[in-house]
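Chemist: Quick one: the structure is below, questions incoming.
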Amino acid sequence: MEEHTPEQAFEKDAFQLTVEDVYDISYVIGRDFLKIGTESKDINSKVPELQFKIVRVLEMLESLVNQSSLTLEELEMERDNLKMQLEKLHREGPPGQLDLGTDKMVVDLTDPNRPRFTLEELRAVLQERNQLKTQLLVAQEELQCYKSGLIAPSEDQATTLEEEPVAPNAALSNESVQEKSIGKRFFSFK
């Protein structure tokens with residue numbers, strides 16, 4: 001197995017460099033500068049080697065800059081292309097498509113959790129439900145009155161019961177009849 005040395009980073013392609021390779025390159029160049037500073041008598045033999053390493057680093061940086069600028073240009077071109085396509089879609093929208101304002105919501109019709117009613121429709125449904133609930137309570141009270149004998153089964157008797165108590169129901173006071181008729185008036189829907 002080959003041992004990794006910092007100098008091997010100079011042999012790599014610029015696009016294959018890792019962060020560790022960049023640190024290795026910095027280490028090697030810094031070490032060589034230190035050697036030049038401490039060994040001034042051997043300076044002529046070290047300078048060409050260091051120049052080669054610096055040139056190699058500059059070539060790598062040039063490759064990276066060229067590639068990143070190409071990538072940036074490609075991304076800008078792709079962005080501009082997408083903008084043009086979007087503008088074209090807005091201009092040539094399918095027939096019958098509404099221009100959505102800022103206060104509109106787009107709903108995915110395939111989403112099982114999507115809203116199925118508008119707020120207005122929901123209010124109407126809830127109001128109708130509350131009315132039906134109230135009518136059910138009134139009907140249940142009326143049924144209870146029929147079962148207990150407070151109200152006779154025929155309409156004529158029910159009308160007279162509201163106005164005045166019938167003899168078999170003499171125990172029923174005028175007050176309770178009045179409360180019942182007020183309750184009926186309160187819960188009646190026409």
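Residue numbering restarts at 1 for every chain of the structure tokens, chains are lettered A, B, ... in their displayed order, and ligands are numbered from 1 as they appear.
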Which polymer residues have any atom within 12 Å of an atom of Leu64 in chain A, counting only C-alpha atoms, with same-chain residues fewer than 6 positions away left out, as JSON, numbers by chain?

Modeler: {"A": [13, 14, 15, 16, 17, 57, 58, 70, 71, 72]}

Chemist: Using only C-alpha atoms, which protein or nucleic acid residues come within 9 Å of range 25-32 of chain A? Drop anything in the same chain fewer than 2 positions from it, and give the result as a list of chain:residue names.

Modeler: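 In the requested format, the answer is A:Pro6, A:Glu7, A:Gln8, A:Ala9, A:Phe10, A:Glu20, A:Asp21, A:Val22, A:Tyr23, A:Leu34, A:Lys35, A:Ile36, A:Gly37, A:Lys46, A:Val47, A:Glu49, A:Leu50, A:Lys53, A:Ile54, A:Val57.
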
Chemist: Rank A:Leu89, A:Ser148, A:Leu143, A:Arg56 by their smallest atom-to-atom distance to Lys12 in chain A, using only C-alpha atoms, and report the top residue only.

Modeler: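 When distances to Lys12 in chain A are compared using only C-alpha atoms, the smallest one comes from A:Arg56.
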
Chemist: Using only C-alpha atoms, can you tell me which of A:Glu128, A:Glu59, A:Asp24, A:Glu76 comes closest to His4 in chain A?

Modeler: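 Of the candidates, the smallest distance to His4 in chain A is held by A:Asp24.
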
Chemist: What is the CA of Thr102 in chain A to CA of His90 in chain A distance in Å?

Modeler: 15.1 Å
